[in-house]
Amino acid sequence: MELKREEERYGYFLITPSMIVVFGVIIIPIITTLVYSFVNIDPLSSHNGEFAGLSFYRKALTSSEFWADLGRTLYFTAASTAIETIFGLMIALLLNEDFPGVKFLRSIIIIPWAIPTVVNGSLWKLMLNGEYGVINALLMRMHLIDAYQSWLGNPKTAMLCIVIADAWKMTPLAVIFFLAALQGIDRTRYEAAMVDGAGAFRRFTTITLPALRPTIMVIIVMRTVEKFKAFDIFYLMTRGGPANSTKTLMYDTYLQAFTNLNYSEASTLAYLIVLVVVLMTLGYIRLMRREDS
Amino acid sequence: MEHKTIRRSIGPRSRGRTVLYMFLGLVLAVGVLAPVLWMFMTSIMRPVDLTAKPLKLIPETTTLERFRQIFSSDNGSDPAYVFRIALKNSFIIAVAVTILSLIVGSLSAYAFAQVRFRGKKGLMLTILFTYMLPPAALIIPLYRIYSRLGFLDRKGPLAILYLSFIVPFIIWVMQDFFGSISKSFEEAAQVDGATRLQTLYYIFLPIARPGAIATGILAFLMSWDEFFYSLIFTSSLSSKTMPVAIAEFNGKFTIDYGMISVAGILGSAIPVLVTVIFQKYIVMGMTAGGVKE
Amino acid sequence: MKKTLSLILVMLMMLFSFPTFAEDISLNAIFMKQAGYSEDDVLAMTQAFTESTGIQVNPTFVAYEELAPKILTASASGGYDVILGDCIWPAQFAKAGLVLDVTDRLGEVDLDDIYQGALDATKYEGKYYGMPWLNDVKYMFVNMELLKQAGIEEAPTTWDQLIEDAKACKEQGICEYPIVGCYAQAECLICDYTCIAGSFGGAFVDENNQPTLDSAENIAALDFMAQTLKDGLCNPKSLEMIEDDVLSTFASGSAVFAINWTYQYASMNDEAQSSVVGQGIITPIPGTDKAQSATVNGGMPLMITSGCKHPDEAWEYMLFLASREMQARYCANALPIWKSLYTDPQVIETAGAEVVAASQIQFDYIVNRPMVPYYNELSTAMQSEIQLVLLGQKTAQEALTGLQATALELADR
């Protein structure tokens, strides 16, 4: 009993510093924002300051715009998280091998991640430009297109372009984490498996993949949260256009707060974003558990 | 070194596989470097060539004027000068945030992974939750607090704010690395009479080092890349960070791709150097055996 | 445990908060970087002001896109005293109580000498909320060199004629897409539409500020824009373009006609950026039989925030910045708001004779985007709907009828 007490105290002792850092500053804004979603804080409205109950949530959930935004957000999140995780794992496996040039590759893989988002968005916008973009110039030269395309001006391709631009920058994050996790795998297990005659694929599915599973989980959750909150890249590349085809929930939150001065709707959207992300995270966790058992 | 020996002992590898790896490595290098190369070209091309149609992939004349401007400008209102100062501010903030968040975050991560205490799960989820809220919704109440405390336009308070959303990430990622370490280590160490903090420092941290380095890179880059909070909370050279300075290369109707590319090169050089220095610790091979359960 | 915690918190706070000492009078002002008056110009004007009045001013400069978030976040805590705002913000800021009514203060100003369009932008419900400062409108830029190749000697003055000329250029293979516009999902699209709708005799609101988006003229103007895209006269990449892309397209010789702000004039004649130096002219936007021309106000007024503790000094500072003397001295980067300055030879020389000449006609046809508090939200809705029309996915009639309903709903908020 005494031991358990001590263990608990030790746990609390260890987490105290981060609790102070995490909640010290942010707790009041978190509560204020929650309050805003129930009280009409809209200086342009005649109902400013009135208690609104759940009406903002009802309004958001019944508007087709919200669901369209959510759909686009989910598409962006799923596509870029999938690309980052799958490519990240494949690249990490490659870089974990030993072959001429691998040291060079390990050094350059970080570069896209290190490029500031502000620059990354502008860089891709320039490369994708319909009039003087290098991607159009290259594709023309390779005869893959017969005229310059407006990649960011076409509702069918704009979101895909943002997914590519974002995944290009962020895949190295997954690579670095998978590489780190791969180091933790006991190499003798591979040797034992080899002795047993297991092929490369079998070794991957029976040793590597199970060992990496927690890391995959961490990366998927981390990236999902990040993607839902992605704002800069949309702002830089398309501002939600063309014809709203890249307008996400986060972008709408920004619009509500800073162009429409509708703080209540912004706060409501913020909490709805959290709700969706929490549901998704819990979903992942449950999925992982089921596979474990 | 050990890494290599183990690798070799796994078995004779066919030349074909090495060639395949080198080919994949080449594809990877092209994918990573092509946009970076274009960023570099953009930084040295004259504005008139950048928007020429048809685009010349190799320009006849190039200019280093932009680099000269960044390094030599001493006019306080020149964005090039602002960028240089902001680079320094960003570096100071990112280093401080990385060190502090690793210390604070790994203590908690260890607690969440290895120590039993009540309310652990709930706390973990609450910490994750704080990170999920979009900054656009939190920033107005946050500004009020910062303004009242005299925290505006100062590096220290901005770093505190960064800690508040980077630490949750660190905890979330690090507890995965700690979680995979066998509990038997701790018990063995305790039998030897080590205190718990000693065990943490001498046993767990070295084992989790690849993960800790990867996490440190993550913390550094998150702080390095942060735009929105910095935009709102800084206003003068004393605290303005690099991404905000880069945004200032844009006018009301104009985008200065050339200067943005220069900023991108310089802005990514520092994190790349930092990573290359630390990367050998990520991929350096672990003592074989007994690490994972 | 709790005690230690709060102790640490208090120590942290003390560490980072120094007391602020009361000074004489000091104002905080926020301006924009890289457009209009340069940062150095504003700093020089501010220094001159401090020297003559003893009032300290701390100017902050941010990129245009960052102005609104900075101003709005700070408004609750009274961060700035004087703000530079876009001409589409005063109504919204006034309704939200963020800026002070300056109608009485304007009494001391010679309002007859200020262009009405610039003044109107600061007006909401009969009151004025700002002092016009930066003055800008859109013009038509024409590449005369390309036009001459098609055998045309004069720039068009009507849209019908412009279409004829564009067709000639396209058919003779001189230019694949003679017309280019900034039709990206951004405010620039509404600016272009305002010009074109205005020159078709349309308006987005009536004299009582009631929305009239679905008027026949507005529909005709939007149909016209969509038709130029459909006929391949207007560059299809316009849908991803903002002002700077239009400038680049024009400057690379890939367009004959472009609507843009004053700044294009200097840029297209700058050899470092342009391969059409000396080929382009600046001229009023064409018209129809319903209106001779129309342009959009892109000016930016100075305003006093409602949290300002020294409004008298703030007003003094604003008047100083907007004075004829300052505007004449720094007119290289922005045209004055004062009519009388346009005959000043010094101003004509610094600002450029051709620009001044075009502005003298164009300023008579200034249209303001709706000066209603809900303008920003309406504009966001308009941008995506208009793009749908330009993409051919909706008719102008459908889109504008829907937008009219949206506007009425917003007006009722």
# chains A, B, ... in the order shown; residues from 1 in each chain; ligands from 1
call {"tool": "interface_residues", "arguments": {"of": "chain A", "to": "chain B", "cutoff": "7 Å", "atoms": "only C-alpha atoms", "output": "JSON list (two decimals) with N, CA and C atoms, in the first residue's frame"}}
result
[["chain", "number", "residue", "atom", "x", "y", "z"],
["A", 7, "GLU", "N", 4.58, 5.44, -5.40],
["A", 7, "GLU", "CA", 4.58, 5.36, -6.86],
["A", 7, "GLU", "C", 3.72, 6.48, -7.44],
["A", 8, "GLU", "N", 2.53, 6.65, -6.84],
["A", 8, "GLU", "CA", 1.63, 7.70, -7.32],
["A", 8, "GLU", "C", 2.26, 9.07, -7.17],
["A", 11, "GLY", "N", 4.73, 9.70, -9.75],
["A", 11, "GLY", "CA", 4.09, 10.01, -11.03],
["A", 11, "GLY", "C", 3.65, 11.46, -11.10],
["A", 14, "LEU", "N", 6.53, 13.82, -11.44],
["A", 14, "LEU", "CA", 7.12, 13.88, -12.78],
["A", 14, "LEU", "C", 6.29, 14.69, -13.77],
["A", 15, "ILE", "N", 4.97, 14.64, -13.59],
["A", 15, "ILE", "CA", 4.15, 15.34, -14.59],
["A", 15, "ILE", "C", 3.87, 16.80, -14.22],
["A", 17, "PRO", "N", 5.74, 19.56, -13.85],
["A", 17, "PRO", "CA", 6.26, 20.63, -14.71],
["A", 17, "PRO", "C", 5.50, 20.78, -16.02],
["A", 18, "SER", "N", 5.18, 19.66, -16.66],
["A", 18, "SER", "CA", 4.50, 19.81, -17.94],
["A", 18, "SER", "C", 3.06, 20.28, -17.76],
["A", 21, "VAL", "N", 3.32, 23.94, -17.60],
["A", 21, "VAL", "CA", 3.63, 24.52, -18.90],
["A", 21, "VAL", "C", 2.43, 24.45, -19.84],
["A", 22, "VAL", "N", 1.75, 23.29, -19.82],
["A", 22, "VAL", "CA", 0.65, 23.11, -20.78],
["A", 22, "VAL", "C", -0.58, 23.92, -20.39],
["A", 29, "PRO", "N", -7.90, 30.66, -21.99],
["A", 29, "PRO", "CA", -8.45, 30.73, -23.37],
["A", 29, "PRO", "C", -9.32, 29.52, -23.74],
["A", 30, "ILE", "N", -8.94, 28.34, -23.26],
["A", 30, "ILE", "CA", -9.74, 27.16, -23.58],
["A", 30, "ILE", "C", -11.15, 27.30, -23.02],
["A", 32, "THR", "N", -12.61, 30.20, -22.07],
["A", 32, "THR", "CA", -13.26, 31.34, -22.72],
["A", 32, "THR", "C", -13.87, 30.93, -24.07],
["A", 33, "THR", "N", -13.08, 30.19, -24.83],
["A", 33, "THR", "CA", -13.57, 29.77, -26.14],
["A", 33, "THR", "C", -14.81, 28.90, -26.01],
["A", 94, "LEU", "N", 14.00, 1.73, -46.46],
["A", 94, "LEU", "CA", 15.10, 1.84, -47.42],
["A", 94, "LEU", "C", 16.34, 2.45, -46.76],
["A", 99, "PHE", "N", 23.68, 0.63, -48.12],
["A", 99, "PHE", "CA", 24.09, 0.59, -49.53],
["A", 99, "PHE", "C", 24.79, 1.90, -49.86],
["A", 105, "LEU", "N", 21.61, 10.13, -48.44],
["A", 105, "LEU", "CA", 20.15, 10.19, -48.43],
["A", 105, "LEU", "C", 19.62, 10.51, -47.04],
["A", 107, "SER", "N", 20.97, 12.27, -44.88],
["A", 107, "SER", "CA", 21.18, 13.68, -44.56],
["A", 107, "SER", "C", 20.21, 14.58, -45.31],
["A", 109, "ILE", "N", 17.19, 13.82, -46.46],
["A", 109, "ILE", "CA", 15.75, 13.54, -46.31],
["A", 109, "ILE", "C", 15.06, 14.60, -45.45],
["A", 110, "ILE", "N", 15.83, 15.20, -44.56],
["A", 110, "ILE", "CA", 15.24, 16.17, -43.64],
["A", 110, "ILE", "C", 14.90, 17.50, -44.33],
["A", 111, "ILE", "N", 15.54, 17.77, -45.47],
["A", 111, "ILE", "CA", 15.45, 19.12, -46.06],
["A", 111, "ILE", "C", 14.02, 19.62, -46.26],
["A", 112, "PRO", "N", 13.13, 18.82, -46.89],
["A", 112, "PRO", "CA", 11.78, 19.38, -47.10],
["A", 112, "PRO", "C", 11.09, 19.79, -45.80],
["A", 114, "ALA", "N", 12.48, 20.85, -43.19],
["A", 114, "ALA", "CA", 13.10, 22.03, -42.60],
["A", 114, "ALA", "C", 12.69, 23.32, -43.31],
["A", 115, "ILE", "N", 12.15, 23.20, -44.51],
["A", 115, "ILE", "CA", 11.74, 24.41, -45.23],
["A", 115, "ILE", "C", 10.49, 24.98, -44.57],
["A", 116, "PRO", "N", 10.53, 26.23, -44.18],
["A", 116, "PRO", "CA", 9.37, 26.81, -43.49],
["A", 116, "PRO", "C", 8.09, 26.69, -44.32],
["A", 117, "THR", "N", 6.97, 26.43, -43.66],
["A", 117, "THR", "CA", 5.69, 26.28, -44.36],
["A", 117, "THR", "C", 5.39, 27.49, -45.24],
["A", 118, "VAL", "N", 5.73, 28.67, -44.73],
["A", 118, "VAL", "CA", 5.47, 29.89, -45.49],
["A", 118, "VAL", "C", 6.17, 29.81, -46.85],
["A", 119, "VAL", "N", 7.40, 29.26, -46.83],
["A", 119, "VAL", "CA", 8.16, 29.14, -48.07],
["A", 119, "VAL", "C", 7.63, 27.99, -48.91],
["A", 123, "LEU", "N", 6.52, 28.24, -52.66],
["A", 123, "LEU", "CA", 7.33, 27.50, -53.63],
["A", 123, "LEU", "C", 6.45, 26.63, -54.54],
["A", 132, "TYR", "N", 3.65, 30.44, -65.71],
["A", 132, "TYR", "CA", 5.12, 30.31, -65.77],
["A", 132, "TYR", "C", 5.64, 29.30, -64.76],
["A", 137, "ALA", "N", 6.07, 23.58, -67.44],
["A", 137, "ALA", "CA", 7.15, 23.60, -68.44],
["A", 137, "ALA", "C", 7.73, 22.20, -68.63],
["A", 176, "ILE", "N", 11.82, 10.03, -40.12],
["A", 176, "ILE", "CA", 12.72, 10.15, -38.96],
["A", 176, "ILE", "C", 12.20, 9.31, -37.80],
["A", 177, "PHE", "N", 10.88, 9.36, -37.57],
["A", 177, "PHE", "CA", 10.34, 8.60, -36.44],
["A", 177, "PHE", "C", 10.40, 7.09, -36.70],
["A", 179, "LEU", "N", 12.59, 5.60, -38.57],
["A", 179, "LEU", "CA", 14.00, 5.24, -38.48],
["A", 179, "LEU", "C", 14.40, 5.04, -37.01],
["A", 180, "ALA", "N", 13.96, 5.98, -36.18],
["A", 180, "ALA", "CA", 14.28, 5.88, -34.76],
["A", 180, "ALA", "C", 13.69, 4.61, -34.18],
["A", 181, "ALA", "N", 12.44, 4.31, -34.56],
["A", 181, "ALA", "CA", 11.78, 3.13, -34.01],
["A", 181, "ALA", "C", 12.45, 1.85, -34.51],
["A", 183, "GLN", "N", 15.46, 1.36, -34.97],
["A", 183, "GLN", "CA", 16.68, 1.10, -34.21],
["A", 183, "GLN", "C", 16.40, 0.28, -32.96],
["A", 184, "GLY", "N", 15.17, 0.37, -32.51],
["A", 184, "GLY", "CA", 14.84, -0.31, -31.25],
["A", 184, "GLY", "C", 14.56, -1.79, -31.43],
["A", 185, "ILE", "N", 14.49, -2.24, -32.67],
["A", 185, "ILE", "CA", 14.14, -3.65, -32.88],
["A", 185, "ILE", "C", 15.38, -4.52, -32.69],
["A", 186, "ASP", "N", 15.21, -5.53, -31.88],
["A", 186, "ASP", "CA", 16.30, -6.44, -31.57],
["A", 186, "ASP", "C", 16.73, -7.21, -32.82],
["A", 187, "ARG", "N", 17.97, -7.00, -33.21],
["A", 187, "ARG", "CA", 18.41, -7.59, -34.48],
["A", 187, "ARG", "C", 18.55, -9.11, -34.41],
["A", 188, "THR", "N", 18.74, -9.61, -33.21],
["A", 188, "THR", "CA", 18.90, -11.07, -33.12],
["A", 188, "THR", "C", 17.62, -11.78, -33.56],
["A", 191, "GLU", "N", 17.92, -12.47, -37.10],
["A", 191, "GLU", "CA", 18.83, -13.59, -37.34],
["A", 191, "GLU", "C", 18.12, -14.91, -37.08],
["A", 214, "PRO", "N", 3.15, 0.66, -32.58],
["A", 214, "PRO", "CA", 2.90, 1.83, -31.74],
["A", 214, "PRO", "C", 3.33, 3.13, -32.43],
["A", 215, "THR", "N", 4.45, 3.09, -33.13],
["A", 215, "THR", "CA", 4.93, 4.30, -33.80],
["A", 215, "THR", "C", 3.99, 4.70, -34.93],
["A", 218, "VAL", "N", 1.20, 6.43, -33.29],
["A", 218, "VAL", "CA", 1.57, 7.77, -32.84],
["A", 218, "VAL", "C", 1.59, 8.73, -34.02],
["A", 225, "VAL", "N", -4.27, 15.11, -36.15],
["A", 225, "VAL", "CA", -4.52, 16.35, -35.40],
["A", 225, "VAL", "C", -3.96, 17.54, -36.17],
["A", 229, "LYS", "N", -5.85, 20.87, -38.31],
["A", 229, "LYS", "CA", -5.57, 22.26, -37.96],
["A", 229, "LYS", "C", -4.81, 23.00, -39.04],
["A", 253, "THR", "N", -12.94, 28.46, -39.81],
["A", 253, "THR", "CA", -12.79, 29.02, -38.46],
["A", 253, "THR", "C", -12.07, 30.36, -38.53],
["A", 254, "TYR", "N", -11.01, 30.38, -39.32],
["A", 254, "TYR", "CA", -10.25, 31.62, -39.46],
["A", 254, "TYR", "C", -11.12, 32.71, -40.09],
["A", 266, "ALA", "N", -16.79, 30.91, -34.78],
["A", 266, "ALA", "CA", -15.41, 30.41, -34.83],
["A", 266, "ALA", "C", -15.16, 29.45, -33.66],
["A", 267, "SER", "N", -15.60, 29.84, -32.47],
["A", 267, "SER", "CA", -15.38, 28.99, -31.29],
["A", 267, "SER", "C", -16.13, 27.67, -31.42],
["A", 270, "ALA", "N", -14.32, 25.51, -33.72],
["A", 270, "ALA", "CA", -13.11, 25.01, -33.07],
["A", 270, "ALA", "C", -13.43, 23.78, -32.22],
["A", 274, "VAL", "N", -12.35, 19.78, -32.58],
["A", 274, "VAL", "CA", -11.81, 18.94, -31.51],
["A", 274, "VAL", "C", -12.63, 17.67, -31.37]]
call {"tool": "interface_residues", "arguments": {"of": "chain A", "to": "chain C", "cutoff": "7 Å", "atoms": "only C-alpha atoms", "output": "ChimeraX atom specification"}}
result
/A:43-46,130,150,152-153,239,241-244,258-260
call {"tool": "write_last_selection", "arguments": {"atoms": "N, CA and C atoms", "output": "PDB file, in the first residue's frame"}}
result
ATOM      1  N   PRO A  43     -19.966  41.083 -32.516  1.00  0.00           N
ATOM      2  CA  PRO A  43     -20.176  42.527 -32.403  1.00  0.00           C
ATOM      3  C   PRO A  43     -21.023  43.105 -33.536  1.00  0.00           C
ATOM      4  N   LEU A  44     -21.237  42.328 -34.596  1.00  0.00           N
ATOM      5  CA  LEU A  44     -22.029  42.843 -35.711  1.00  0.00           C
ATOM      6  C   LEU A  44     -23.500  42.479 -35.568  1.00  0.00           C
ATOM      7  N   SER A  45     -23.817  41.661 -34.571  1.00  0.00           N
ATOM      8  CA  SER A  45     -25.190  41.183 -34.452  1.00  0.00           C
ATOM      9  C   SER A  45     -25.943  41.968 -33.387  1.00  0.00           C
ATOM     10  N   SER A  46     -27.242  42.061 -33.579  1.00  0.00           N
ATOM     11  CA  SER A  46     -28.055  42.746 -32.577  1.00  0.00           C
ATOM     12  C   SER A  46     -28.249  41.859 -31.354  1.00  0.00           C
ATOM     13  N   GLY A 130       0.091  28.402 -63.483  1.00  0.00           N
ATOM     14  CA  GLY A 130      -0.422  28.048 -64.805  1.00  0.00           C
ATOM     15  C   GLY A 130       0.246  28.797 -65.942  1.00  0.00           C
ATOM     16  N   SER A 150      -3.995  24.868 -65.456  1.00  0.00           N
ATOM     17  CA  SER A 150      -4.175  25.711 -64.280  1.00  0.00           C
ATOM     18  C   SER A 150      -4.437  24.795 -63.080  1.00  0.00           C
ATOM     19  N   LEU A 152      -3.952  25.006 -59.873  1.00  0.00           N
ATOM     20  CA  LEU A 152      -4.582  25.567 -58.675  1.00  0.00           C
ATOM     21  C   LEU A 152      -5.860  26.329 -59.008  1.00  0.00           C
ATOM     22  N   GLY A 153      -6.156  26.491 -60.301  1.00  0.00           N
ATOM     23  CA  GLY A 153      -7.364  27.207 -60.675  1.00  0.00           C
ATOM     24  C   GLY A 153      -8.483  26.265 -61.071  1.00  0.00           C
ATOM     25  N   ARG A 239      -6.392  29.915 -50.653  1.00  0.00           N
ATOM     26  CA  ARG A 239      -7.401  30.619 -49.850  1.00  0.00           C
ATOM     27  C   ARG A 239      -8.780  29.988 -50.007  1.00  0.00           C
ATOM     28  N   GLY A 241     -10.036  28.493 -52.457  1.00  0.00           N
ATOM     29  CA  GLY A 241     -10.563  28.422 -53.812  1.00  0.00           C
ATOM     30  C   GLY A 241      -9.959  27.279 -54.597  1.00  0.00           C
ATOM     31  N   PRO A 242     -10.248  27.131 -55.850  1.00  0.00           N
ATOM     32  CA  PRO A 242     -11.309  27.821 -56.581  1.00  0.00           C
ATOM     33  C   PRO A 242     -12.699  27.264 -56.229  1.00  0.00           C
ATOM     34  N   ALA A 243     -13.644  28.172 -56.193  1.00  0.00           N
ATOM     35  CA  ALA A 243     -15.039  27.819 -55.886  1.00  0.00           C
ATOM     36  C   ALA A 243     -15.136  26.957 -54.634  1.00  0.00           C
ATOM     37  N   ASN A 244     -14.429  27.342 -53.586  1.00  0.00           N
ATOM     38  CA  ASN A 244     -14.470  26.676 -52.271  1.00  0.00           C
ATOM     39  C   ASN A 244     -13.917  25.254 -52.279  1.00  0.00           C
ATOM     40  N   PHE A 258     -11.750  36.163 -38.205  1.00  0.00           N
ATOM     41  CA  PHE A 258     -10.983  37.336 -38.607  1.00  0.00           C
ATOM     42  C   PHE A 258     -11.515  38.082 -39.819  1.00  0.00           C
ATOM     43  N   THR A 259     -12.475  37.541 -40.542  1.00  0.00           N
ATOM     44  CA  THR A 259     -13.077  38.398 -41.558  1.00  0.00           C
ATOM     45  C   THR A 259     -14.531  38.689 -41.221  1.00  0.00           C
ATOM     46  N   ASN A 260     -15.212  37.746 -40.569  1.00  0.00           N
ATOM     47  CA  ASN A 260     -16.621  37.985 -40.268  1.00  0.00           C
ATOM     48  C   ASN A 260     -16.853  38.489 -38.853  1.00  0.00           C
TER      49      ASN A 260
END
call {"tool": "residues_around", "arguments": {"residues": "Val48 of chain B", "least_positions_apart": "5", "cutoff": "9 Å", "atoms": "only C-alpha atoms", "output": "ChimeraX atom specification"}}
result
/C:248,251-252,271-275
call {"tool": "atom_distance", "arguments": {"atom1": "atom CA of Ala80 of chain B", "atom2": "atom CA of Ala44 of chain C"}}
result
19.7 Å
call {"tool": "atom_distance", "arguments": {"atom1": "atom CA of Ala255 of chain C", "atom2": "atom CA of Gln279 of chain C"}}
result
11.6 Å
call {"tool": "select_by_dssp", "arguments": {"residues": "segment 95-336 of chain C", "states": "strand (DSSP E or B)", "output": "VMD selection string"}}
result
chain C and resid 99 114 123 to 124 127 to 128 131 to 135 137 to 143 158 179 to 180 205 211 234 257 to 261 280 to 283 287 295 to 297 300 to 305 335
call {"tool": "write_last_selection", "arguments": {"atoms": "N, CA and C atoms", "output": "compact mmCIF listing (two decimals), in the first residue's frame"}}
result
# COMPACT_ATOMS: atom_id res chain seq x y z
N VAL C 99 -13.87 51.44 -33.83
CA VAL C 99 -13.24 52.71 -34.21
C VAL C 99 -14.15 53.89 -33.83
N ILE C 114 -11.14 66.77 -51.25
CA ILE C 114 -10.84 65.33 -51.21
C ILE C 114 -11.78 64.61 -52.17
N LYS C 123 -17.53 56.10 -44.59
CA LYS C 123 -18.85 56.50 -44.09
C LYS C 123 -19.70 55.28 -43.75
N TYR C 124 -20.38 55.36 -42.62
CA TYR C 124 -21.34 54.31 -42.27
C TYR C 124 -22.50 54.95 -41.53
N LYS C 127 -22.25 58.68 -40.76
CA LYS C 127 -21.13 59.20 -39.96
C LYS C 127 -19.81 58.77 -40.60
N TYR C 128 -18.78 59.57 -40.36
CA TYR C 128 -17.46 59.23 -40.90
C TYR C 128 -16.59 58.60 -39.80
N MET C 131 -10.00 58.97 -41.82
CA MET C 131 -9.43 60.00 -42.68
C MET C 131 -8.80 59.31 -43.87
N PRO C 132 -9.26 59.62 -45.10
CA PRO C 132 -8.64 58.98 -46.27
C PRO C 132 -7.14 59.27 -46.29
N TRP C 133 -6.37 58.30 -46.70
CA TRP C 133 -4.92 58.50 -46.70
C TRP C 133 -4.27 57.94 -47.97
N LEU C 134 -4.31 56.60 -48.08
CA LEU C 134 -3.77 56.01 -49.31
C LEU C 134 -4.86 56.06 -50.37
N ASN C 135 -4.47 56.44 -51.57
CA ASN C 135 -5.47 56.60 -52.62
C ASN C 135 -5.10 55.66 -53.77
N VAL C 137 -6.97 53.31 -57.23
CA VAL C 137 -8.09 52.72 -57.98
C VAL C 137 -7.49 51.82 -59.06
N LYS C 138 -8.36 51.06 -59.71
CA LYS C 138 -7.89 50.20 -60.79
C LYS C 138 -8.00 50.91 -62.14
N TYR C 139 -7.11 50.51 -63.04
CA TYR C 139 -7.11 51.07 -64.39
C TYR C 139 -7.07 49.94 -65.40
N MET C 140 -7.26 50.33 -66.66
CA MET C 140 -7.03 49.37 -67.74
C MET C 140 -5.62 49.57 -68.26
N PHE C 141 -4.90 48.47 -68.39
CA PHE C 141 -3.57 48.54 -69.00
C PHE C 141 -3.63 47.83 -70.35
N VAL C 142 -3.09 48.50 -71.37
CA VAL C 142 -3.18 47.95 -72.71
C VAL C 142 -1.78 47.87 -73.32
N ASN C 143 -1.45 46.72 -73.87
CA ASN C 143 -0.18 46.58 -74.58
C ASN C 143 -0.37 47.07 -76.01
N THR C 158 -14.71 51.20 -75.04
CA THR C 158 -15.90 50.46 -74.62
C THR C 158 -15.57 48.97 -74.59
N ILE C 179 -7.05 38.79 -72.91
CA ILE C 179 -7.52 39.42 -71.67
C ILE C 179 -7.04 38.59 -70.48
N VAL C 180 -6.64 39.25 -69.40
CA VAL C 180 -6.29 38.53 -68.19
C VAL C 180 -6.89 39.27 -67.00
N VAL C 205 -25.23 47.58 -54.11
CA VAL C 205 -26.23 48.06 -53.16
C VAL C 205 -26.83 49.35 -53.71
N PRO C 211 -29.05 45.56 -50.53
CA PRO C 211 -28.41 44.78 -51.60
C PRO C 211 -29.25 44.72 -52.89
N CYS C 234 -10.35 35.40 -72.66
CA CYS C 234 -9.76 35.67 -71.35
C CYS C 234 -8.98 34.43 -70.92
N PHE C 257 -4.75 43.03 -72.66
CA PHE C 257 -5.58 43.85 -71.77
C PHE C 257 -5.53 43.31 -70.34
N ALA C 258 -5.34 44.21 -69.39
CA ALA C 258 -5.38 43.79 -67.98
C ALA C 258 -5.91 44.92 -67.12
N ILE C 259 -6.76 44.57 -66.17
CA ILE C 259 -7.20 45.55 -65.19
C ILE C 259 -6.30 45.39 -63.96
N ASN C 260 -5.74 46.49 -63.49
CA ASN C 260 -4.90 46.38 -62.30
C ASN C 260 -4.77 47.73 -61.58
N TRP C 261 -4.15 47.69 -60.40
CA TRP C 261 -3.97 48.91 -59.61
C TRP C 261 -2.82 49.73 -60.18
N GLY C 280 3.24 49.30 -72.82
CA GLY C 280 1.91 49.37 -72.21
C GLY C 280 1.51 50.79 -71.88
N ILE C 281 0.20 51.03 -71.91
CA ILE C 281 -0.31 52.33 -71.46
C ILE C 281 -1.30 52.13 -70.33
N ILE C 282 -1.49 53.18 -69.55
CA ILE C 282 -2.49 53.16 -68.48
C ILE C 282 -3.64 54.04 -68.93
N THR C 283 -4.84 53.52 -68.84
CA THR C 283 -5.99 54.24 -69.40
C THR C 283 -7.23 53.90 -68.58
N GLY C 287 -16.16 51.37 -70.96
CA GLY C 287 -17.54 51.45 -70.50
C GLY C 287 -18.51 50.81 -71.48
N THR C 295 -14.54 52.30 -61.89
CA THR C 295 -13.39 51.67 -61.25
C THR C 295 -13.72 51.43 -59.80
N VAL C 296 -12.85 50.67 -59.14
CA VAL C 296 -13.13 50.32 -57.76
C VAL C 296 -12.18 51.08 -56.85
N ASN C 297 -12.70 51.53 -55.71
CA ASN C 297 -11.86 52.22 -54.75
C ASN C 297 -10.99 51.19 -54.03
N MET C 300 -7.00 53.34 -48.68
CA MET C 300 -6.94 52.88 -47.29
C MET C 300 -6.95 54.09 -46.36
N PRO C 301 -7.99 54.18 -45.52
CA PRO C 301 -8.07 55.30 -44.59
C PRO C 301 -7.36 55.01 -43.26
N LEU C 302 -7.06 56.06 -42.53
CA LEU C 302 -6.55 55.93 -41.17
C LEU C 302 -7.73 56.06 -40.22
N MET C 303 -7.72 55.28 -39.14
CA MET C 303 -8.83 55.33 -38.19
C MET C 303 -8.29 55.38 -36.76
N ILE C 304 -9.13 55.88 -35.84
CA ILE C 304 -8.76 55.89 -34.42
C ILE C 304 -9.52 54.76 -33.73
N THR C 305 -8.82 53.94 -32.96
CA THR C 305 -9.52 52.85 -32.29
C THR C 305 -10.31 53.37 -31.10
N LEU C 335 -0.71 58.03 -54.82
CA LEU C 335 -1.29 59.28 -55.30
C LEU C 335 -2.00 59.99 -54.15
call {"tool": "select_by_dssp", "arguments": {"residues": "segment 153-331 of chain C", "states": "helix (DSSP H, G or I)", "output": "VMD selection string"}}
result
chain C and resid 159 to 171 187 to 199 216 to 230 236 to 240 243 to 251 263 to 268 311 to 321 324 to 329
call {"tool": "closest_residue", "arguments": {"among": "A:Leu249, A:Val175, A:Met140, A:Ile216", "to": "Ala92 of chain A", "atoms": "only C-alpha atoms"}}
result
A:Val175
call {"tool": "decode", "arguments": {"residues": "segment 121-125 of chain A", "atoms": "C-alpha atoms", "output": "short mmCIF file (atom, residue, chain, number, x, y, z; two decimals), in the first residue's frame"}}
result
data_model
loop_
_atom_site.label_atom_id
_atom_site.label_comp_id
_atom_site.auth_asym_id
_atom_site.auth_seq_id
_atom_site.Cartn_x
_atom_site.Cartn_y
_atom_site.Cartn_z
CA GLY A 121 3.41 27.04 -49.85
CA SER A 122 4.82 29.83 -51.99
CA LEU A 123 7.33 27.50 -53.63
CA TRP A 124 4.66 25.02 -54.73
CA LYS A 125 2.36 27.81 -55.78
#
